[in-house]
Amino acid sequence: MRLTSPAFVDGGNIPAKYTCEGEDISPPIEISNLPENTVTLALIMDDPDAVIGTFIHWVIWNIPKDTKNIPEGSEPEGIQGITGFGRIGYGGPCPPSGTHNYKFKLYALNKKLDLKQGSRKRDLEQAMRGYIIEDVVLTGKYKRA
């Protein structure tokens with residue numbers, strides 16, 4: 001399973017356009033090589049380097065298995081949860097200081113999840129337990145100017 005972005009390489013810098021210092025839109029995401037028995041996908045973007053603990057930037061599940069890309073500034077079909085910003089939808093990197101690592105985690109699931117819009121990351125992780133076929137992580141770095 002592969003998760004890539006034409007905007008940055010794994011371990012590379014996320015362009016400012018996709019952060020609070022730019023347009024604060026989601027970067028383009030490309031998905032490939034899913035396991036054959038995938039029913040649906042889930043995507044979590046978080047910042048494990050946040051001082052207050054892991055900060056959630058994007059939570060979405062029940063993404064159709066035939067999704068091959070998520071265009072820049074768009075949201076895939078699916079159900080979204082609440083971010084650390086207290087709202088639904090993508091919230092770009094905005095670290096207070098230093099370089100932070102942002103993890104885009106894609107999960108291939110063998111079941112469609114029965115979870116309400118506005119649920120939190122921990123709810124999604126609990127709902128996915130036992131249904132994850134494979135997962136992959138794309139990491140991007142960002143430091144405010």
# chains A, B, ... in the order shown; residues from 1 in each chain; ligands from 1

call {"tool": "residues_around", "arguments": {"residues": "stretch 33-38 of chain A", "least_positions_apart": "5", "cutoff": "7 Å", "atoms": "only C-alpha atoms", "output": "VMD selection string"}}
result
chain A and resid 1 to 2 65 108 to 110

call {"tool": "write_last_selection", "arguments": {"atoms": "N, CA and C atoms", "output": "PDB file, in the first residue's frame"}}
result
ATOM      1  N   MET A   1       0.855  -1.164   0.000  1.00  0.00           N
ATOM      2  CA  MET A   1       0.000   0.000   0.000  1.00  0.00           C
ATOM      3  C   MET A   1       0.909   1.237   0.000  1.00  0.00           C
ATOM      4  N   ARG A   2       0.526   2.224  -0.806  1.00  0.00           N
ATOM      5  CA  ARG A   2       1.336   3.450  -0.917  1.00  0.00           C
ATOM      6  C   ARG A   2       0.479   4.693  -0.692  1.00  0.00           C
ATOM      7  N   LYS A  65     -13.053   2.669  -1.404  1.00  0.00           N
ATOM      8  CA  LYS A  65     -11.807   1.952  -1.709  1.00  0.00           C
ATOM      9  C   LYS A  65     -11.260   2.265  -3.095  1.00  0.00           C
ATOM     10  N   ALA A 108      -6.297   0.745   5.438  1.00  0.00           N
ATOM     11  CA  ALA A 108      -7.188  -0.076   4.610  1.00  0.00           C
ATOM     12  C   ALA A 108      -7.974  -0.947   5.584  1.00  0.00           C
ATOM     13  N   LEU A 109      -9.297  -0.852   5.483  1.00  0.00           N
ATOM     14  CA  LEU A 109     -10.163  -1.584   6.408  1.00  0.00           C
ATOM     15  C   LEU A 109     -10.998  -2.621   5.667  1.00  0.00           C
ATOM     16  N   ASN A 110     -11.331  -3.701   6.361  1.00  0.00           N
ATOM     17  CA  ASN A 110     -12.164  -4.736   5.742  1.00  0.00           C
ATOM     18  C   ASN A 110     -13.629  -4.597   6.154  1.00  0.00           C
TER      19      ASN A 110
END

call {"tool": "residues_around", "arguments": {"residues": "A:Lys17", "least_positions_apart": "4", "cutoff": "10 Å", "atoms": "only C-alpha atoms", "output": "number ranges by chain"}}
result
A: 7, 21-27, 92

call {"tool": "closest_residue", "arguments": {"among": "A:Leu43, A:Ser119, A:Ile56, A:Gln126", "to": "A:Glu75", "atoms": "only C-alpha atoms"}}
result
A:Leu43

call {"tool": "select_by_dssp", "arguments": {"residues": "chain A", "states": "alpha helix (DSSP H)", "output": "ChimeraX atom specification"}}
result
/A:121-128

call {"tool": "write_last_selection", "arguments": {"atoms": "N, CA and C atoms", "output": "PDB file, in the first residue's frame"}}
result
ATOM      1  N   LYS A 121     -10.696  11.301  16.930  1.00  0.00           N
ATOM      2  CA  LYS A 121      -9.681  10.333  16.490  1.00  0.00           C
ATOM      3  C   LYS A 121      -9.728   9.076  17.351  1.00  0.00           C
ATOM      4  N   ARG A 122      -9.828   9.240  18.655  1.00  0.00           N
ATOM      5  CA  ARG A 122      -9.834   8.062  19.540  1.00  0.00           C
ATOM      6  C   ARG A 122     -11.036   7.165  19.267  1.00  0.00           C
ATOM      7  N   ASP A 123     -12.182   7.781  18.896  1.00  0.00           N
ATOM      8  CA  ASP A 123     -13.372   6.990  18.548  1.00  0.00           C
ATOM      9  C   ASP A 123     -13.117   6.187  17.275  1.00  0.00           C
ATOM     10  N   LEU A 124     -12.473   6.841  16.301  1.00  0.00           N
ATOM     11  CA  LEU A 124     -12.150   6.164  15.047  1.00  0.00           C
ATOM     12  C   LEU A 124     -11.180   5.017  15.294  1.00  0.00           C
ATOM     13  N   GLU A 125     -10.143   5.275  16.072  1.00  0.00           N
ATOM     14  CA  GLU A 125      -9.162   4.218  16.356  1.00  0.00           C
ATOM     15  C   GLU A 125      -9.825   3.022  17.037  1.00  0.00           C
ATOM     16  N   GLN A 126     -10.735   3.292  17.946  1.00  0.00           N
ATOM     17  CA  GLN A 126     -11.449   2.200  18.620  1.00  0.00           C
ATOM     18  C   GLN A 126     -12.341   1.445  17.633  1.00  0.00           C
ATOM     19  N   ALA A 127     -13.044   2.186  16.762  1.00  0.00           N
ATOM     20  CA  ALA A 127     -13.934   1.557  15.777  1.00  0.00           C
ATOM     21  C   ALA A 127     -13.156   0.712  14.760  1.00  0.00           C
ATOM     22  N   MET A 128     -11.929   1.120  14.450  1.00  0.00           N
ATOM     23  CA  MET A 128     -11.110   0.395  13.463  1.00  0.00           C
ATOM     24  C   MET A 128     -10.475  -0.867  14.033  1.00  0.00           C
TER      25      MET A 128
END

call {"tool": "residues_around", "arguments": {"residues": "A:Ile31", "least_positions_apart": "4", "cutoff": "7 Å", "atoms": "only C-alpha atoms", "output": "CSV table (one decimal) with C-alpha atoms, in the first residue's frame"}}
result
chain,number,residue,atom,x,y,z
A,2,ARG,CA,1.3,3.5,-0.9
A,3,LEU,CA,0.5,7.0,0.2
A,4,THR,CA,2.3,9.8,-1.5
A,68,LYS,CA,-6.9,7.0,-6.0
A,69,ASN,CA,-6.3,10.6,-5.2

call {"tool": "closest_residue", "arguments": {"among": "A:Tyr142, A:Glu30, A:Tyr131, A:Lys112", "to": "A:Pro71", "atoms": "only C-alpha atoms"}}
result
A:Glu30

call {"tool": "atom_distance", "arguments": {"atom1": "atom CA of A:Glu77", "atom2": "atom CA of A:Gly11"}}
result
26.8 Å

call {"tool": "closest_residue", "arguments": {"among": "A:Pro28, A:Gly12, A:Gly140, A:Gly86", "to": "A:Ile70", "atoms": "only C-alpha atoms"}}
result
A:Pro28

call {"tool": "atom_distance", "arguments": {"atom1": "atom CA of A:Arg120", "atom2": "atom CA of A:Asp66"}}
result
24.6 Å

call {"tool": "residues_around", "arguments": {"residues": "A:Asp135", "least_positions_apart": "4", "cutoff": "7 Å", "atoms": "only C-alpha atoms", "output": "count of residues only"}}
result
4

call {"tool": "select_by_dssp", "arguments": {"residues": "chain A", "states": "strand (DSSP E)", "output": "PyMOL selection string"}}
result
chain A and resi 2-4+12-13+29-32+40-47+55-64+69-70+79-80+100-109+132-142

call {"tool": "write_last_selection", "arguments": {"atoms": "N, CA and C atoms", "output": "short mmCIF file (atom, residue, chain, number, x, y, z; two decimals), in the first residue's frame"}}
result
data_model
loop_
_atom_site.label_atom_id
_atom_site.label_comp_id
_atom_site.auth_asym_id
_atom_site.auth_seq_id
_atom_site.Cartn_x
_atom_site.Cartn_y
_atom_site.Cartn_z
N ARG A 2 0.53 2.22 -0.81
CA ARG A 2 1.34 3.45 -0.92
C ARG A 2 0.48 4.69 -0.69
N LEU A 3 1.09 5.65 -0.01
CA LEU A 3 0.48 6.95 0.22
C LEU A 3 1.55 7.99 -0.09
N THR A 4 1.30 8.82 -1.10
CA THR A 4 2.28 9.82 -1.51
C THR A 4 1.58 11.15 -1.76
N GLY A 12 9.98 15.03 3.78
CA GLY A 12 10.33 16.36 3.30
C GLY A 12 9.46 17.45 3.89
N ASN A 13 9.70 18.66 3.47
CA ASN A 13 8.96 19.81 3.98
C ASN A 13 7.62 20.00 3.27
N ILE A 29 -3.10 14.23 -2.36
CA ILE A 29 -2.72 12.92 -1.83
C ILE A 29 -2.98 11.87 -2.91
N GLU A 30 -2.05 10.94 -3.06
CA GLU A 30 -2.23 9.83 -4.01
C GLU A 30 -2.17 8.51 -3.26
N ILE A 31 -3.09 7.63 -3.62
CA ILE A 31 -3.25 6.33 -2.95
C ILE A 31 -3.11 5.23 -4.00
N SER A 32 -2.31 4.20 -3.68
CA SER A 32 -2.15 3.09 -4.63
C SER A 32 -1.81 1.80 -3.89
N THR A 40 -13.03 -0.23 2.70
CA THR A 40 -13.05 1.22 2.86
C THR A 40 -11.71 1.70 3.42
N LEU A 41 -11.50 3.02 3.38
CA LEU A 41 -10.26 3.61 3.86
C LEU A 41 -10.53 4.62 4.96
N ALA A 42 -9.52 4.86 5.79
CA ALA A 42 -9.58 5.92 6.80
C ALA A 42 -8.26 6.69 6.73
N LEU A 43 -8.32 7.99 6.99
CA LEU A 43 -7.13 8.84 6.95
C LEU A 43 -7.10 9.72 8.20
N ILE A 44 -5.96 9.72 8.86
CA ILE A 44 -5.74 10.58 10.02
C ILE A 44 -4.46 11.37 9.77
N MET A 45 -4.53 12.68 9.97
CA MET A 45 -3.33 13.52 9.93
C MET A 45 -3.15 14.10 11.33
N ASP A 46 -1.97 13.88 11.91
CA ASP A 46 -1.73 14.44 13.23
C ASP A 46 -0.29 14.90 13.39
N ASP A 47 -0.05 15.59 14.48
CA ASP A 47 1.26 16.16 14.82
C ASP A 47 1.66 15.60 16.18
N PHE A 55 -1.56 16.43 18.26
CA PHE A 55 -2.60 17.36 17.81
C PHE A 55 -3.18 16.84 16.51
N ILE A 56 -4.50 16.80 16.43
CA ILE A 56 -5.21 16.21 15.29
C ILE A 56 -5.54 17.28 14.26
N HIS A 57 -5.15 17.03 12.99
CA HIS A 57 -5.36 17.99 11.90
C HIS A 57 -6.42 17.55 10.89
N TRP A 58 -6.69 16.25 10.81
CA TRP A 58 -7.68 15.76 9.83
C TRP A 58 -8.06 14.35 10.22
N VAL A 59 -9.35 14.05 10.22
CA VAL A 59 -9.85 12.72 10.54
C VAL A 59 -11.00 12.42 9.58
N ILE A 60 -10.85 11.35 8.81
CA ILE A 60 -11.90 11.00 7.83
C ILE A 60 -11.92 9.48 7.62
N TRP A 61 -13.12 8.94 7.53
CA TRP A 61 -13.26 7.48 7.37
C TRP A 61 -14.38 7.17 6.39
N ASN A 62 -14.49 5.88 6.07
CA ASN A 62 -15.43 5.39 5.05
C ASN A 62 -15.16 6.06 3.69
N ILE A 63 -13.88 6.28 3.43
CA ILE A 63 -13.46 6.77 2.12
C ILE A 63 -13.59 5.57 1.16
N PRO A 64 -14.24 5.73 0.01
CA PRO A 64 -14.41 4.60 -0.91
C PRO A 64 -13.06 3.98 -1.30
N ASN A 69 -6.91 9.34 -5.58
CA ASN A 69 -6.26 10.58 -5.20
C ASN A 69 -7.27 11.51 -4.54
N ILE A 70 -6.73 12.39 -3.73
CA ILE A 70 -7.51 13.44 -3.08
C ILE A 70 -6.88 14.73 -3.60
N ILE A 79 -16.76 10.27 5.78
CA ILE A 79 -17.30 10.93 6.98
C ILE A 79 -16.13 11.53 7.74
N GLN A 80 -16.31 12.77 8.19
CA GLN A 80 -15.21 13.46 8.86
C GLN A 80 -15.45 13.65 10.35
N HIS A 100 8.06 20.48 13.24
CA HIS A 100 7.16 19.41 13.65
C HIS A 100 7.00 18.41 12.51
N ASN A 101 6.77 17.15 12.87
CA ASN A 101 6.53 16.08 11.91
C ASN A 101 5.03 15.81 11.85
N TYR A 102 4.48 15.90 10.65
CA TYR A 102 3.04 15.68 10.45
C TYR A 102 2.86 14.33 9.79
N LYS A 103 2.06 13.49 10.43
CA LYS A 103 1.85 12.12 9.95
C LYS A 103 0.48 12.01 9.28
N PHE A 104 0.51 11.63 8.00
CA PHE A 104 -0.70 11.29 7.27
C PHE A 104 -0.77 9.76 7.30
N LYS A 105 -1.73 9.22 8.04
CA LYS A 105 -1.83 7.77 8.21
C LYS A 105 -3.06 7.26 7.47
N LEU A 106 -2.83 6.36 6.53
CA LEU A 106 -3.91 5.77 5.75
C LEU A 106 -4.11 4.33 6.20
N TYR A 107 -5.36 3.96 6.42
CA TYR A 107 -5.71 2.62 6.86
C TYR A 107 -6.63 1.97 5.83
N ALA A 108 -6.30 0.75 5.44
CA ALA A 108 -7.19 -0.08 4.61
C ALA A 108 -7.97 -0.95 5.58
N LEU A 109 -9.30 -0.85 5.48
CA LEU A 109 -10.16 -1.58 6.41
C LEU A 109 -11.00 -2.62 5.67
N ILE A 132 -8.35 -3.42 10.60
CA ILE A 132 -7.25 -2.85 9.80
C ILE A 132 -6.53 -3.98 9.08
N ILE A 133 -6.51 -3.89 7.75
CA ILE A 133 -5.81 -4.88 6.94
C ILE A 133 -4.34 -4.46 6.80
N GLU A 134 -4.16 -3.18 6.54
CA GLU A 134 -2.82 -2.63 6.34
C GLU A 134 -2.88 -1.13 6.58
N ASP A 135 -1.74 -0.57 6.95
CA ASP A 135 -1.67 0.88 7.10
C ASP A 135 -0.33 1.38 6.59
N VAL A 136 -0.29 2.66 6.28
CA VAL A 136 0.93 3.28 5.75
C VAL A 136 0.96 4.72 6.23
N VAL A 137 2.16 5.26 6.37
CA VAL A 137 2.33 6.63 6.87
C VAL A 137 3.16 7.45 5.89
N LEU A 138 2.70 8.67 5.64
CA LEU A 138 3.44 9.67 4.87
C LEU A 138 3.74 10.80 5.86
N THR A 139 5.02 11.15 6.00
CA THR A 139 5.42 12.18 6.95
C THR A 139 5.90 13.42 6.22
N GLY A 140 5.40 14.57 6.67
CA GLY A 140 5.86 15.86 6.16
C GLY A 140 6.29 16.72 7.33
N LYS A 141 7.28 17.56 7.11
CA LYS A 141 7.79 18.44 8.17
C LYS A 141 7.37 19.88 7.89
N TYR A 142 7.22 20.64 8.98
CA TYR A 142 6.94 22.06 8.80
C TYR A 142 7.44 22.85 10.01
#

call {"tool": "closest_residue", "arguments": {"among": "A:Gly118, A:Pro93, A:Pro76, A:Gly84", "to": "A:Pro15", "atoms": "only C-alpha atoms"}}
result
A:Pro93

call {"tool": "atom_distance", "arguments": {"atom1": "atom CA of A:Arg129", "atom2": "atom CA of A:Arg87"}}
result
24.3 Å

call {"tool": "closest_residue", "arguments": {"among": "A:Phe85, A:Asp49, A:Glu72, A:Lys143", "to": "A:Ser97", "atoms": "only C-alpha atoms"}}
result
A:Lys143

call {"tool": "closest_residue", "arguments": {"among": "A:Thr99, A:Gln117, A:Ser74, A:Thr83", "to": "A:Val51", "atoms": "only C-alpha atoms"}}
result
A:Thr99
